[in-house]
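Colleague: Just one file: input_10.pdb, with PDB, C-alpha atoms.
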ATOM      1  CA  MET I 274     169.797  27.650-250.413  1.00  0.00           C
ATOM      2  CA  LEU I 275     167.582  30.695-250.905  1.00  0.00           C
ATOM      3  CA  PRO I 276     167.544  32.316-247.407  1.00  0.00           C
ATOM      4  CA  ALA I 277     171.346  32.476-247.387  1.00  0.00           C
ATOM      5  CA  PHE I 278     171.331  34.437-250.637  1.00  0.00           C
ATOM      6  CA  PHE I 279     168.589  36.703-249.292  1.00  0.00           C
ATOM      7  CA  VAL I 280     170.991  37.617-246.482  1.00  0.00           C
ATOM      8  CA  LEU I 281     173.965  38.126-248.798  1.00  0.00           C
ATOM      9  CA  ALA I 282     171.883  40.252-251.172  1.00  0.00           C
ATOM     10  CA  ALA I 283     170.661  42.415-248.280  1.00  0.00           C
ATOM     11  CA  MET I 284     174.262  42.976-247.174  1.00  0.00           C
ATOM     12  CA  LYS I 285     175.676  43.563-250.658  1.00  0.00           C
ATOM     13  CA  LEU I 286     172.878  45.482-252.338  1.00  0.00           C
ATOM     14  CA  GLY I 287     171.175  47.023-249.331  1.00  0.00           C
ATOM     15  CA  GLY I 288     174.284  47.801-247.294  1.00  0.00           C
ATOM     16  CA  LEU I 289     172.778  46.275-244.156  1.00  0.00           C
ATOM     17  CA  SER I 290     174.703  44.878-241.224  1.00  0.00           C
ATOM     18  CA  PHE I 291     174.763  41.106-240.808  1.00  0.00           C
ATOM     19  CA  PRO I 292     172.154  40.977-237.970  1.00  0.00           C
ATOM     20  CA  ALA I 293     169.802  43.260-239.920  1.00  0.00           C
ATOM     21  CA  ALA I 294     170.376  41.247-243.095  1.00  0.00           C
ATOM     22  CA  MET I 295     169.490  38.047-241.234  1.00  0.00           C
ATOM     23  CA  LEU I 296     166.174  39.574-240.179  1.00  0.00           C
ATOM     24  CA  VAL I 297     165.509  40.640-243.767  1.00  0.00           C
ATOM     25  CA  GLY I 298     166.455  37.170-245.030  1.00  0.00           C
ATOM     26  CA  PHE I 299     164.179  35.533-242.474  1.00  0.00           C
ATOM     27  CA  ALA I 300     161.253  37.774-243.432  1.00  0.00           C
ATOM     28  CA  ALA I 301     161.895  37.194-247.148  1.00  0.00           C
ATOM     29  CA  ALA I 302     161.956  33.431-246.571  1.00  0.00           C
ATOM     30  CA  LEU I 303     158.579  33.603-244.799  1.00  0.00           C
ATOM     31  CA  LEU I 304     157.161  35.631-247.682  1.00  0.00           C
ATOM     32  CA  VAL I 305     158.604  33.697-250.641  1.00  0.00           C
ATOM     33  CA  LEU I 306     158.939  30.129-249.308  1.00  0.00           C
ATOM     34  CA  GLY I 307     155.906  30.344-247.044  1.00  0.00           C
ATOM     35  CA  LEU I 308     153.119  32.644-248.187  1.00  0.00           C
ATOM     36  CA  LEU I 309     153.822  32.984-251.928  1.00  0.00           C
ATOM     37  CA  PHE I 310     154.811  29.336-252.311  1.00  0.00           C
ATOM     38  CA  LYS I 311     151.532  28.236-250.761  1.00  0.00           C
ATOM     39  CA  GLN I 312     149.327  30.722-252.588  1.00  0.00           C
ATOM     40  CA  LEU I 313     150.906  30.733-256.063  1.00  0.00           C
ATOM     41  CA  VAL I 314     152.318  27.220-256.464  1.00  0.00           C
ATOM     42  CA  VAL I 315     150.526  24.743-254.222  1.00  0.00           C
ATOM     43  CA  ALA I 316     146.996  26.131-253.889  1.00  0.00           C
ATOM     44  CA  PRO I 317     146.175  26.278-257.647  1.00  0.00           C
ATOM     45  CA  VAL I 318     147.253  22.675-258.329  1.00  0.00           C
ATOM     46  CA  ILE I 319     146.549  20.781-255.098  1.00  0.00           C
ATOM     47  CA  ARG I 320     142.966  20.092-256.192  1.00  0.00           C
ATOM     48  CA  HIS I 321     144.342  18.074-259.116  1.00  0.00           C
ATOM     49  CA  GLY I 322     146.213  15.615-256.889  1.00  0.00           C
ATOM     50  CA  VAL I 323     149.652  15.067-255.386  1.00  0.00           C
ATOM     51  CA  LEU I 324     151.594  14.455-258.608  1.00  0.00           C
ATOM     52  CA  PRO I 325     151.001  17.969-260.040  1.00  0.00           C
ATOM     53  CA  VAL I 326     152.195  19.434-256.733  1.00  0.00           C
ATOM     54  CA  VAL I 327     155.376  17.342-256.886  1.00  0.00           C
ATOM     55  CA  ILE I 328     156.055  18.413-260.471  1.00  0.00           C
ATOM     56  CA  SER I 329     155.364  22.068-259.625  1.00  0.00           C
ATOM     57  CA  THR I 330     157.704  22.081-256.645  1.00  0.00           C
ATOM     58  CA  ILE I 331     160.487  20.413-258.656  1.00  0.00           C
ATOM     59  CA  ALA I 332     160.026  23.040-261.380  1.00  0.00           C
ATOM     60  CA  LEU I 333     160.144  25.821-258.778  1.00  0.00           C
ATOM     61  CA  ALA I 334     163.325  24.369-257.288  1.00  0.00           C
ATOM     62  CA  ILE I 335     165.006  24.375-260.708  1.00  0.00           C
ATOM     63  CA  LEU I 336     163.817  27.942-261.333  1.00  0.00           C
ATOM     64  CA  LEU I 337     165.182  29.201-258.009  1.00  0.00           C
ATOM     65  CA  LYS I 338     168.478  27.370-258.453  1.00  0.00           C
ATOM     66  CA  GLU I 339     169.089  28.674-261.962  1.00  0.00           C
ATOM     67  CA  GLY I 340     167.863  32.140-260.980  1.00  0.00           C
ATOM     68  CA  VAL I 341     170.406  32.436-258.174  1.00  0.00           C
ATOM     69  CA  LYS I 342     173.122  31.072-260.455  1.00  0.00           C
ATOM     70  CA  GLU I 343     172.287  33.551-263.225  1.00  0.00           C
ATOM     71  CA  PHE I 344     171.547  36.735-261.308  1.00  0.00           C
ATOM     72  CA  TYR I 345     173.750  36.486-258.220  1.00  0.00           C
ATOM     73  CA  ALA I 346     176.711  34.107-258.509  1.00  0.00           C
ATOM     74  CA  ALA I 347     177.631  30.674-259.780  1.00  0.00           C
ATOM     75  CA  ASP I 348     180.584  30.423-257.390  1.00  0.00           C
ATOM     76  CA  ALA I 349     180.342  29.545-253.710  1.00  0.00           C
ATOM     77  CA  GLN I 350     180.020  32.629-251.535  1.00  0.00           C
ATOM     78  CA  PRO I 351     181.371  32.931-247.968  1.00  0.00           C
ATOM     79  CA  PHE I 352     178.624  33.316-245.383  1.00  0.00           C
ATOM     80  CA  PRO I 353     179.328  34.999-242.018  1.00  0.00           C
ATOM     81  CA  ALA I 354     178.884  33.013-238.824  1.00  0.00           C
ATOM     82  CA  ALA I 355     176.829  34.469-235.986  1.00  0.00           C
ATOM     83  CA  TRP I 356     178.759  32.471-233.375  1.00  0.00           C
ATOM     84  CA  ALA I 357     182.290  31.522-232.390  1.00  0.00           C
ATOM     85  CA  THR I 358     184.270  29.414-234.864  1.00  0.00           C
ATOM     86  CA  THR I 359     186.971  28.304-232.422  1.00  0.00           C
ATOM     87  CA  ASN I 360     187.813  24.702-231.547  1.00  0.00           C
ATOM     88  CA  LEU I 361     187.335  23.139-228.125  1.00  0.00           C
ATOM     89  CA  HIS I 362     189.759  20.502-226.854  1.00  0.00           C
ATOM     90  CA  PHE I 363     188.545  17.559-224.769  1.00  0.00           C
ATOM     91  CA  GLY I 364     191.645  15.480-224.145  1.00  0.00           C
ATOM     92  CA  GLU I 365     192.834  14.415-227.566  1.00  0.00           C
ATOM     93  CA  ALA I 366     189.483  15.161-229.186  1.00  0.00           C
ATOM     94  CA  VAL I 367     188.935  18.465-230.991  1.00  0.00           C
ATOM     95  CA  ILE I 368     185.357  19.645-231.412  1.00  0.00           C
ATOM     96  CA  SER I 369     184.296  22.748-233.275  1.00  0.00           C
ATOM     97  CA  ALA I 370     182.317  25.205-231.172  1.00  0.00           C
ATOM     98  CA  GLN I 371     180.386  25.999-234.325  1.00  0.00           C
ATOM     99  CA  ASN I 372     179.166  22.415-234.569  1.00  0.00           C
ATOM    100  CA  LEU I 373     178.090  22.417-230.930  1.00  0.00           C
ATOM    101  CA  VAL I 374     176.080  25.600-231.483  1.00  0.00           C
ATOM    102  CA  ILE I 375     174.412  24.081-234.549  1.00  0.00           C
ATOM    103  CA  ILE I 376     173.470  20.921-232.637  1.00  0.00           C
ATOM    104  CA  GLY I 377     172.157  22.940-229.690  1.00  0.00           C
ATOM    105  CA  VAL I 378     170.051  25.279-231.817  1.00  0.00           C
ATOM    106  CA  ALA I 379     168.706  22.370-233.900  1.00  0.00           C
ATOM    107  CA  LEU I 380     167.679  20.409-230.793  1.00  0.00           C
ATOM    108  CA  ALA I 381     166.030  23.505-229.314  1.00  0.00           C
ATOM    109  CA  ALA I 382     164.100  24.087-232.537  1.00  0.00           C
ATOM    110  CA  VAL I 383     162.886  20.472-232.596  1.00  0.00           C
ATOM    111  CA  ALA I 384     161.855  20.649-228.932  1.00  0.00           C
ATOM    112  CA  LEU I 385     159.942  23.906-229.485  1.00  0.00           C
ATOM    113  CA  LEU I 386     158.220  22.471-232.551  1.00  0.00           C
ATOM    114  CA  GLN I 387     157.169  19.351-230.655  1.00  0.00           C
ATOM    115  CA  PHE I 388     155.868  21.453-227.769  1.00  0.00           C
ATOM    116  CA  PHE I 389     153.952  23.681-230.173  1.00  0.00           C
ATOM    117  CA  LEU I 390     152.330  20.763-231.997  1.00  0.00           C
ATOM    118  CA  GLY I 391     151.442  18.781-228.887  1.00  0.00           C
ATOM    119  CA  GLY I 392     151.030  21.422-226.201  1.00  0.00           C
ATOM    120  CA  THR I 393     149.139  24.260-227.840  1.00  0.00           C
ATOM    121  CA  ARG I 394     145.623  24.525-229.233  1.00  0.00           C
ATOM    122  CA  THR I 395     146.864  25.727-232.616  1.00  0.00           C
ATOM    123  CA  GLY I 396     149.340  22.860-232.848  1.00  0.00           C
ATOM    124  CA  ARG I 397     146.661  20.280-232.118  1.00  0.00           C
ATOM    125  CA  ARG I 398     144.414  21.906-234.715  1.00  0.00           C
ATOM    126  CA  MET I 399     147.229  21.635-237.264  1.00  0.00           C
ATOM    127  CA  GLN I 400     147.661  17.944-236.486  1.00  0.00           C
ATOM    128  CA  ALA I 401     143.920  17.362-236.822  1.00  0.00           C
ATOM    129  CA  THR I 402     143.970  19.136-240.190  1.00  0.00           C
ATOM    130  CA  ALA I 403     146.852  16.958-241.372  1.00  0.00           C
ATOM    131  CA  GLN I 404     145.111  13.731-240.297  1.00  0.00           C
ATOM    132  CA  ASN I 405     141.603  14.458-241.595  1.00  0.00           C
ATOM    133  CA  PRO I 406     140.957  17.904-243.136  1.00  0.00           C
ATOM    134  CA  ALA I 407     137.295  17.164-243.904  1.00  0.00           C
ATOM    135  CA  LEU I 408     136.500  16.194-240.300  1.00  0.00           C
ATOM    136  CA  ALA I 409     138.583  19.109-238.986  1.00  0.00           C
ATOM    137  CA  LEU I 410     136.538  21.509-241.122  1.00  0.00           C
ATOM    138  CA  ALA I 411     133.311  19.952-239.840  1.00  0.00           C
ATOM    139  CA  LEU I 412     134.493  20.536-236.272  1.00  0.00           C
ATOM    140  CA  GLY I 413     134.997  24.244-236.967  1.00  0.00           C
ATOM    141  CA  ILE I 414     138.776  24.262-237.425  1.00  0.00           C
ATOM    142  CA  PRO I 415     139.912  26.894-239.975  1.00  0.00           C
ATOM    143  CA  VAL I 416     141.644  24.390-242.254  1.00  0.00           C
ATOM    144  CA  GLN I 417     143.086  26.872-244.742  1.00  0.00           C
ATOM    145  CA  ARG I 418     144.595  28.950-241.938  1.00  0.00           C
ATOM    146  CA  MET I 419     146.165  25.840-240.407  1.00  0.00           C
ATOM    147  CA  ILE I 420     147.671  24.935-243.790  1.00  0.00           C
ATOM    148  CA  LEU I 421     149.093  28.449-244.116  1.00  0.00           C
ATOM    149  CA  TYR I 422     150.620  28.191-240.629  1.00  0.00           C
ATOM    150  CA  THR I 423     152.267  24.946-241.726  1.00  0.00           C
ATOM    151  CA  PHE I 424     153.891  26.603-244.727  1.00  0.00           C
ATOM    152  CA  LEU I 425     155.087  29.558-242.633  1.00  0.00           C
ATOM    153  CA  ILE I 426     156.598  27.277-239.989  1.00  0.00           C
ATOM    154  CA  ASN I 427     158.267  25.268-242.737  1.00  0.00           C
ATOM    155  CA  ALA I 428     159.752  28.457-244.211  1.00  0.00           C
ATOM    156  CA  ALA I 429     161.002  29.557-240.785  1.00  0.00           C
ATOM    157  CA  LEU I 430     162.706  26.197-240.187  1.00  0.00           C
ATOM    158  CA  VAL I 431     164.243  26.305-243.670  1.00  0.00           C
ATOM    159  CA  ALA I 432     165.649  29.779-242.978  1.00  0.00           C
ATOM    160  CA  LEU I 433     167.040  28.649-239.622  1.00  0.00           C
ATOM    161  CA  ALA I 434     168.688  25.619-241.235  1.00  0.00           C
ATOM    162  CA  SER I 435     170.165  27.819-243.959  1.00  0.00           C
ATOM    163  CA  PHE I 436     171.674  30.229-241.427  1.00  0.00           C
ATOM    164  CA  LEU I 437     173.158  27.312-239.462  1.00  0.00           C
ATOM    165  CA  VAL I 438     174.805  25.358-242.281  1.00  0.00           C
ATOM    166  CA  SER I 439     175.780  28.087-244.763  1.00  0.00           C
ATOM    167  CA  PRO I 440     178.854  29.226-242.766  1.00  0.00           C
ATOM    168  CA  ILE I 441     180.182  25.650-243.119  1.00  0.00           C
ATOM    169  CA  TYR I 442     178.970  24.669-246.597  1.00  0.00           C
ATOM    170  CA  LEU I 443     179.185  28.226-248.019  1.00  0.00           C
ATOM    171  CA  ALA I 444     176.299  29.774-249.938  1.00  0.00           C
ATOM    172  CA  LYS I 445     176.025  27.799-253.188  1.00  0.00           C
ATOM    173  CA  PHE I 446     173.224  27.543-255.695  1.00  0.00           C
ATOM    174  CA  THR I 447     173.497  23.742-255.461  1.00  0.00           C
ATOM    175  CA  ASN I 448     172.956  23.583-251.693  1.00  0.00           C
ATOM    176  CA  GLY I 449     169.243  22.968-252.108  1.00  0.00           C
ATOM    177  CA  GLU I 450     169.641  19.679-253.946  1.00  0.00           C
ATOM    178  CA  VAL I 451     172.715  18.457-252.044  1.00  0.00           C
ATOM    179  CA  LEU I 452     171.407  19.113-248.533  1.00  0.00           C
ATOM    180  CA  GLY I 453     167.824  18.451-249.586  1.00  0.00           C
ATOM    181  CA  LEU I 454     168.752  14.957-250.749  1.00  0.00           C
ATOM    182  CA  ALA I 455     170.529  14.279-247.460  1.00  0.00           C
ATOM    183  CA  ALA I 456     167.498  15.453-245.464  1.00  0.00           C
ATOM    184  CA  PHE I 457     165.125  13.402-247.615  1.00  0.00           C
ATOM    185  CA  VAL I 458     167.216  10.260-247.176  1.00  0.00           C
ATOM    186  CA  ALA I 459     167.529  10.878-243.423  1.00  0.00           C
ATOM    187  CA  ALA I 460     163.742  11.149-243.100  1.00  0.00           C
ATOM    188  CA  ILE I 461     163.180   7.890-244.995  1.00  0.00           C
ATOM    189  CA  VAL I 462     165.944   6.033-243.156  1.00  0.00           C
ATOM    190  CA  GLY I 463     164.683   7.084-239.735  1.00  0.00           C
ATOM    191  CA  GLY I 464     160.979   6.831-240.477  1.00  0.00           C
ATOM    192  CA  PHE I 465     158.715   9.369-242.156  1.00  0.00           C
ATOM    193  CA  ASN I 466     155.933   9.224-239.571  1.00  0.00           C
ATOM    194  CA  GLN I 467     157.812  10.645-236.575  1.00  0.00           C
ATOM    195  CA  VAL I 468     160.308  13.404-235.893  1.00  0.00           C
ATOM    196  CA  ARG I 469     162.650  11.334-233.745  1.00  0.00           C
ATOM    197  CA  GLY I 470     163.077   8.910-236.642  1.00  0.00           C
ATOM    198  CA  ALA I 471     164.210  11.723-238.934  1.00  0.00           C
ATOM    199  CA  ILE I 472     166.670  12.906-236.262  1.00  0.00           C
ATOM    200  CA  ALA I 473     168.067   9.400-235.821  1.00  0.00           C
ATOM    201  CA  GLY I 474     168.330   8.985-239.593  1.00  0.00           C
ATOM    202  CA  GLY I 475     170.188  12.271-239.906  1.00  0.00           C
ATOM    203  CA  LEU I 476     172.672  11.347-237.179  1.00  0.00           C
ATOM    204  CA  LEU I 477     173.249   7.905-238.695  1.00  0.00           C
ATOM    205  CA  LEU I 478     173.748   9.359-242.159  1.00  0.00           C
ATOM    206  CA  GLY I 479     176.181  11.976-240.855  1.00  0.00           C
ATOM    207  CA  VAL I 480     178.256   9.485-238.861  1.00  0.00           C
ATOM    208  CA  ILE I 481     178.502   6.993-241.734  1.00  0.00           C
ATOM    209  CA  ASP I 482     179.312   9.770-244.191  1.00  0.00           C
ATOM    210  CA  ASN I 483     182.203  11.069-242.097  1.00  0.00           C
ATOM    211  CA  PHE I 484     183.579   7.606-241.313  1.00  0.00           C
ATOM    212  CA  VAL I 485     183.600   6.724-245.013  1.00  0.00           C
ATOM    213  CA  ALA I 486     185.329   9.999-245.872  1.00  0.00           C
ATOM    214  CA  ALA I 487     187.943   9.505-243.147  1.00  0.00           C
ATOM    215  CA  TYR I 488     188.716   5.794-243.468  1.00  0.00           C
ATOM    216  CA  VAL I 489     187.718   4.840-247.034  1.00  0.00           C
ATOM    217  CA  SER I 490     187.669   7.700-249.520  1.00  0.00           C
ATOM    218  CA  ALA I 491     186.009  11.103-249.783  1.00  0.00           C
ATOM    219  CA  GLN I 492     185.076  10.250-253.374  1.00  0.00           C
ATOM    220  CA  TYR I 493     182.386   7.869-252.117  1.00  0.00           C
ATOM    221  CA  ARG I 494     180.646  10.417-249.885  1.00  0.00           C
ATOM    222  CA  ALA I 495     178.048  11.379-252.479  1.00  0.00           C
ATOM    223  CA  ALA I 496     177.039   7.729-252.962  1.00  0.00           C
ATOM    224  CA  ILE I 497     176.555   6.918-249.270  1.00  0.00           C
ATOM    225  CA  PRO I 498     173.039   8.421-248.944  1.00  0.00           C
ATOM    226  CA  LEU I 499     171.882   6.465-252.004  1.00  0.00           C
ATOM    227  CA  PHE I 500     173.325   3.166-250.752  1.00  0.00           C
ATOM    228  CA  LEU I 501     171.725   3.731-247.347  1.00  0.00           C
ATOM    229  CA  LEU I 502     168.404   4.645-248.959  1.00  0.00           C
ATOM    230  CA  ILE I 503     168.374   1.487-251.115  1.00  0.00           C
ATOM    231  CA  ALA I 504     169.244  -0.721-248.137  1.00  0.00           C
ATOM    232  CA  VAL I 505     166.451   0.702-245.981  1.00  0.00           C
ATOM    233  CA  ILE I 506     163.859   0.478-248.768  1.00  0.00           C
ATOM    234  CA  LEU I 507     164.770  -3.169-249.398  1.00  0.00           C
ATOM    235  CA  PHE I 508     164.991  -4.439-245.825  1.00  0.00           C
ATOM    236  CA  ARG I 509     162.945  -2.013-243.678  1.00  0.00           C
ATOM    237  CA  PRO I 510     160.680   0.204-245.799  1.00  0.00           C
ATOM    238  CA  GLN I 511     159.029   1.836-242.775  1.00  0.00           C
ATOM    239  CA  GLY I 512     162.394   3.178-241.565  1.00  0.00           C
ATOM    240  CA  LEU I 513     164.511   2.338-238.548  1.00  0.00           C
ATOM    241  CA  LEU I 514     162.069   3.827-236.020  1.00  0.00           C
ATOM    242  CA  GLY I 515     158.972   3.969-238.196  1.00  0.00           C
ATOM    243  CA  ARG I 516     155.713   2.102-237.749  1.00  0.00           C
ATOM    244  CA  VAL I 517     154.142  -0.232-240.257  1.00  0.00           C
ATOM    245  CA  GLU I 518     150.886   1.348-241.383  1.00  0.00           C
ATOM    246  CA  GLU I 519     148.146  -0.576-243.162  1.00  0.00           C
ATOM    247  CA  ARG I 520     145.480   1.035-245.289  1.00  0.00           C
ATOM    248  CA  THR I 521     141.890   0.319-244.285  1.00  0.00           C
ATOM    249  CA  VAL I 522     139.846  -1.179-247.118  1.00  0.00           C
TER     250      VAL I 522
END
Hey, can you dump this file as structure tokens for me?
Modeller:
Amino acid sequence: MLPAFFVLAAMKLGGLSFPAAMLVGFAAALLVLGLLFKQLVVAPVIRHGVLPVVISTIALAILLKEGVKEFYAADAQPFPAAWATTNLHFGEAVISAQNLVIIGVALAAVALLQFFLGGTRTGRRMQATAQNPALALALGIPVQRMILYTFLINAALVALASFLVSPIYLAKFTNGEVLGLAAFVAAIVGGFNQVRGAIAGGLLLGVIDNFVAAYVSAQYRAAIPLFLLIAVILFRPQGLLGRVEERTV
């Protein structure tokens, strides 16, 4: 939600062109959702356990949502598209060029992330930090720097996702919870412990959502992620492509 409004604010208040505003929005996302989020919200409470972090992030989400609603706009705002919005015809099928661009950019981002994590020294250090921070620190890995890199990469991916979907969903202060819920459900459905599971869960959720809207009723669209989430938790808690992990006693 937030990077899209950074861009709109840069265009409206700063008078910047759309490409320049996107750069400003990207930099602001790295600063606010990456650096400041890690230093001001997570770092002070992480030593007290996971639950305080969860509560703090939920509180921050509410603050950001209500802040955008109060100080910018409560109504949905049009967001410019950086690519063609024409339709392509393949026989009787009509596919939006915008959707193809989104899929292509998303796949490229996932591929680059996987290459970075598995094919670079910094990426392997980040994985070691995630698996065992104490051992990583003992081996000389700068743990705090790796954690900061993780937050910055997360902010960059969030900004990219915002720029991709906002031209379709419009810039709304509720986008964070609506799209965030869909992403959360997709990750659980596919399997939390691997990226390909989250991708498969997202595709499955999207296909079912659109089929229900087209052949049943659009009124049930909001309930589909919850039904799918309940079904997976009941019958396959590890996710469709996830692995069963047992805790060592």
Colleague: What's around I:Gly479 at 12 Å? Count all atoms listed in the file, leave out sequence neighbours fewer than 3 positions away in its own chain, and write the answer as a list in words.
Modeller: Leu452, Ala455, Ala456, Val458, Ala459, Ile472, Ala473, Gly474, Gly475, Leu476, Asp482, Asn483, Phe484, Val485, Ala486, Arg494, Ala495, Ile497, Pro498 and Leu501 of chain I
Colleague: Restricting the output to C-alpha atoms, write the selected residues as a CSV table (one decimal), in the frame of the given file.
Modeller:
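That gives us out.csv:
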chain,number,residue,atom,x,y,z
I,452,LEU,CA,171.4,19.1,-248.5
I,455,ALA,CA,170.5,14.3,-247.5
I,456,ALA,CA,167.5,15.5,-245.5
I,458,VAL,CA,167.2,10.3,-247.2
I,459,ALA,CA,167.5,10.9,-243.4
I,472,ILE,CA,166.7,12.9,-236.3
I,473,ALA,CA,168.1,9.4,-235.8
I,474,GLY,CA,168.3,9.0,-239.6
I,475,GLY,CA,170.2,12.3,-239.9
I,476,LEU,CA,172.7,11.3,-237.2
I,482,ASP,CA,179.3,9.8,-244.2
I,483,ASN,CA,182.2,11.1,-242.1
I,484,PHE,CA,183.6,7.6,-241.3
I,485,VAL,CA,183.6,6.7,-245.0
I,486,ALA,CA,185.3,10.0,-245.9
I,494,ARG,CA,180.6,10.4,-249.9
I,495,ALA,CA,178.0,11.4,-252.5
I,497,ILE,CA,176.6,6.9,-249.3
I,498,PRO,CA,173.0,8.4,-248.9
I,501,LEU,CA,171.7,3.7,-247.3
Colleague: Which residues come within 8 Å of I:Phe436, counting only C-alpha atoms, excluding same-chain residues fewer than 3 positions away, as a VMD selection string?
Modeller: chain I and resid 276 to 277 432 to 433 439 to 440
Colleague: Which is closer to I:Ile414 than all the others in I:Ala444, I:Met399, I:Ala332, I:Leu513, using only C-alpha atoms?
Modeller: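 Result for the nearest residue to I:Ile414: I:Met399.
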Colleague: Neighbours of stretch 372-376 of chain I within 8 Å (only C-alpha atoms; same-chain residues fewer than 5 positions away dropped), as JSON, numbers by chain?
Modeller: {"I": [356, 437, 438]}
Colleague: I need the residue set behind the PyMOL selection byres ((chain I and resi 347) around 12) for this file; please write it as a VMD selection string.
Modeller: chain I and resid 278 338 to 346 348 to 350 444 to 448
Colleague: Go through I:Leu296, I:Leu502, I:Glu450, I:Pro415 and flag the residue nearest I:Ile331, using only C-alpha atoms for the distances.
Modeller: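 Checking each of I:Leu296, I:Leu502, I:Glu450, I:Pro415 against I:Ile331, counting only C-alpha atoms, the winner is I:Glu450.
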Colleague: When you draw a straight line from atom CA of I:Ala401 to atom CA of I:Ala428, how long is it in Å?
Modeller: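 Separation between atom CA of I:Ala401 and atom CA of I:Ala428: 20.7 Å.
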Colleague: What does the distance between atom CA of I:Ala283 and atom CA of I:Gly298 come to in Å, to one decimal place?
Modeller: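 Separation of atom CA of I:Ala283 and atom CA of I:Gly298: 7.5 Å.
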Colleague: Give me the box for stretch 494-501 of chain I as AutoDock Vina command-line options, namely the centre and edge lengths in Å to one decimal of a box along x, y and z that holds every listed atom plus 4 Å on each side.
Modeller:
--center_x 176.2 --center_y 7.3 --center_z -250.2 --size_x 16.9 --size_y 16.2 --size_z 13.6
Colleague: Using the chain letters and numbering of this document, enumerate as JSON, numbers by chain the residues selected by the PyMOL selection byres ((chain I and resi 291) around 12).
Modeller: {"I": [277, 279, 280, 281, 282, 283, 284, 285, 287, 288, 289, 290, 292, 293, 294, 295, 296, 297, 298, 352, 353, 354, 355, 436]}
Colleague: Just the selected residues (C-alpha atoms), exported as a short mmCIF file (atom, residue, chain, number, x, y, z; two decimals), in the frame of the given file, please.
Modeller:
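Here's the written file selection34.cif:
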data_model
loop_
_atom_site.label_atom_id
_atom_site.label_comp_id
_atom_site.auth_asym_id
_atom_site.auth_seq_id
_atom_site.Cartn_x
_atom_site.Cartn_y
_atom_site.Cartn_z
CA ALA I 277 171.35 32.48 -247.39
CA PHE I 279 168.59 36.70 -249.29
CA VAL I 280 170.99 37.62 -246.48
CA LEU I 281 173.96 38.13 -248.80
CA ALA I 282 171.88 40.25 -251.17
CA ALA I 283 170.66 42.42 -248.28
CA MET I 284 174.26 42.98 -247.17
CA LYS I 285 175.68 43.56 -250.66
CA GLY I 287 171.18 47.02 -249.33
CA GLY I 288 174.28 47.80 -247.29
CA LEU I 289 172.78 46.28 -244.16
CA SER I 290 174.70 44.88 -241.22
CA PRO I 292 172.15 40.98 -237.97
CA ALA I 293 169.80 43.26 -239.92
CA ALA I 294 170.38 41.25 -243.10
CA MET I 295 169.49 38.05 -241.23
CA LEU I 296 166.17 39.57 -240.18
CA VAL I 297 165.51 40.64 -243.77
CA GLY I 298 166.46 37.17 -245.03
CA PHE I 352 178.62 33.32 -245.38
CA PRO I 353 179.33 35.00 -242.02
CA ALA I 354 178.88 33.01 -238.82
CA ALA I 355 176.83 34.47 -235.99
CA PHE I 436 171.67 30.23 -241.43
#
Colleague: When you look at I:Ile461 with a cut-off of 9 Å (counting only C-alpha atoms), what residues show up, excluding the ones that are within fewer than 4 positions of it in the same chain? I need them as a PyMOL selection string.
Modeller: chain I and resi 456-457+465+470-471+474+502+505-506+510-513+515
Colleague: As an exercise, work out the distance from atom CA of I:Phe500 to atom CA of I:Thr330 in Å and give it to one decimal place.
Modeller: 25.2 Å
Colleague: Any idea what's packed within 9 Å of I:Val431, counting all atoms listed in the file, ignoring anything in its chain fewer than 3 positions away? Could you give it as a PDB file with C-alpha atoms, keeping the file's coordinate frame?
Modeller:
ATOM      1  CA  MET I 274     169.797  27.650-250.413  1.00  0.00           C
ATOM      2  CA  PRO I 276     167.544  32.316-247.407  1.00  0.00           C
ATOM      3  CA  ALA I 302     161.956  33.431-246.571  1.00  0.00           C
ATOM      4  CA  LEU I 306     158.939  30.129-249.308  1.00  0.00           C
ATOM      5  CA  ILE I 426     156.598  27.277-239.989  1.00  0.00           C
ATOM      6  CA  ASN I 427     158.267  25.268-242.737  1.00  0.00           C
ATOM      7  CA  ALA I 428     159.752  28.457-244.211  1.00  0.00           C
ATOM      8  CA  ALA I 434     168.688  25.619-241.235  1.00  0.00           C
ATOM      9  CA  SER I 435     170.165  27.819-243.959  1.00  0.00           C
ATOM     10  CA  PHE I 436     171.674  30.229-241.427  1.00  0.00           C
TER      11      PHE I 436
END
Colleague: Taking the file as shown, what set of residues would the PyMOL selection byres ((chain I and resi 359) around 7) give back, as a ChimeraX atom specification?
Modeller: /I:357-358,360-361,369-370
Colleague: May I have the residues at most 12 Å from (156.3, 28.0, -260.0) in the file's coordinates, counting all atoms listed in the file, as a ChimeraX atom specification?
Modeller: /I:305-306,309-318,325-337
Colleague: Write to file, as a compact mmCIF listing (two decimals), in the coordinates of the input, the residues of the selection just made, with C-alpha atoms.
Modeller:
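Saved the output as selection-v8.txt:
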# COMPACT_ATOMS: atom_id res chain seq x y z
CA VAL I 305 158.60 33.70 -250.64
CA LEU I 306 158.94 30.13 -249.31
CA LEU I 309 153.82 32.98 -251.93
CA PHE I 310 154.81 29.34 -252.31
CA LYS I 311 151.53 28.24 -250.76
CA GLN I 312 149.33 30.72 -252.59
CA LEU I 313 150.91 30.73 -256.06
CA VAL I 314 152.32 27.22 -256.46
CA VAL I 315 150.53 24.74 -254.22
CA ALA I 316 147.00 26.13 -253.89
CA PRO I 317 146.18 26.28 -257.65
CA VAL I 318 147.25 22.68 -258.33
CA PRO I 325 151.00 17.97 -260.04
CA VAL I 326 152.20 19.43 -256.73
CA VAL I 327 155.38 17.34 -256.89
CA ILE I 328 156.06 18.41 -260.47
CA SER I 329 155.36 22.07 -259.62
CA THR I 330 157.70 22.08 -256.64
CA ILE I 331 160.49 20.41 -258.66
CA ALA I 332 160.03 23.04 -261.38
CA LEU I 333 160.14 25.82 -258.78
CA ALA I 334 163.32 24.37 -257.29
CA ILE I 335 165.01 24.38 -260.71
CA LEU I 336 163.82 27.94 -261.33
CA LEU I 337 165.18 29.20 -258.01
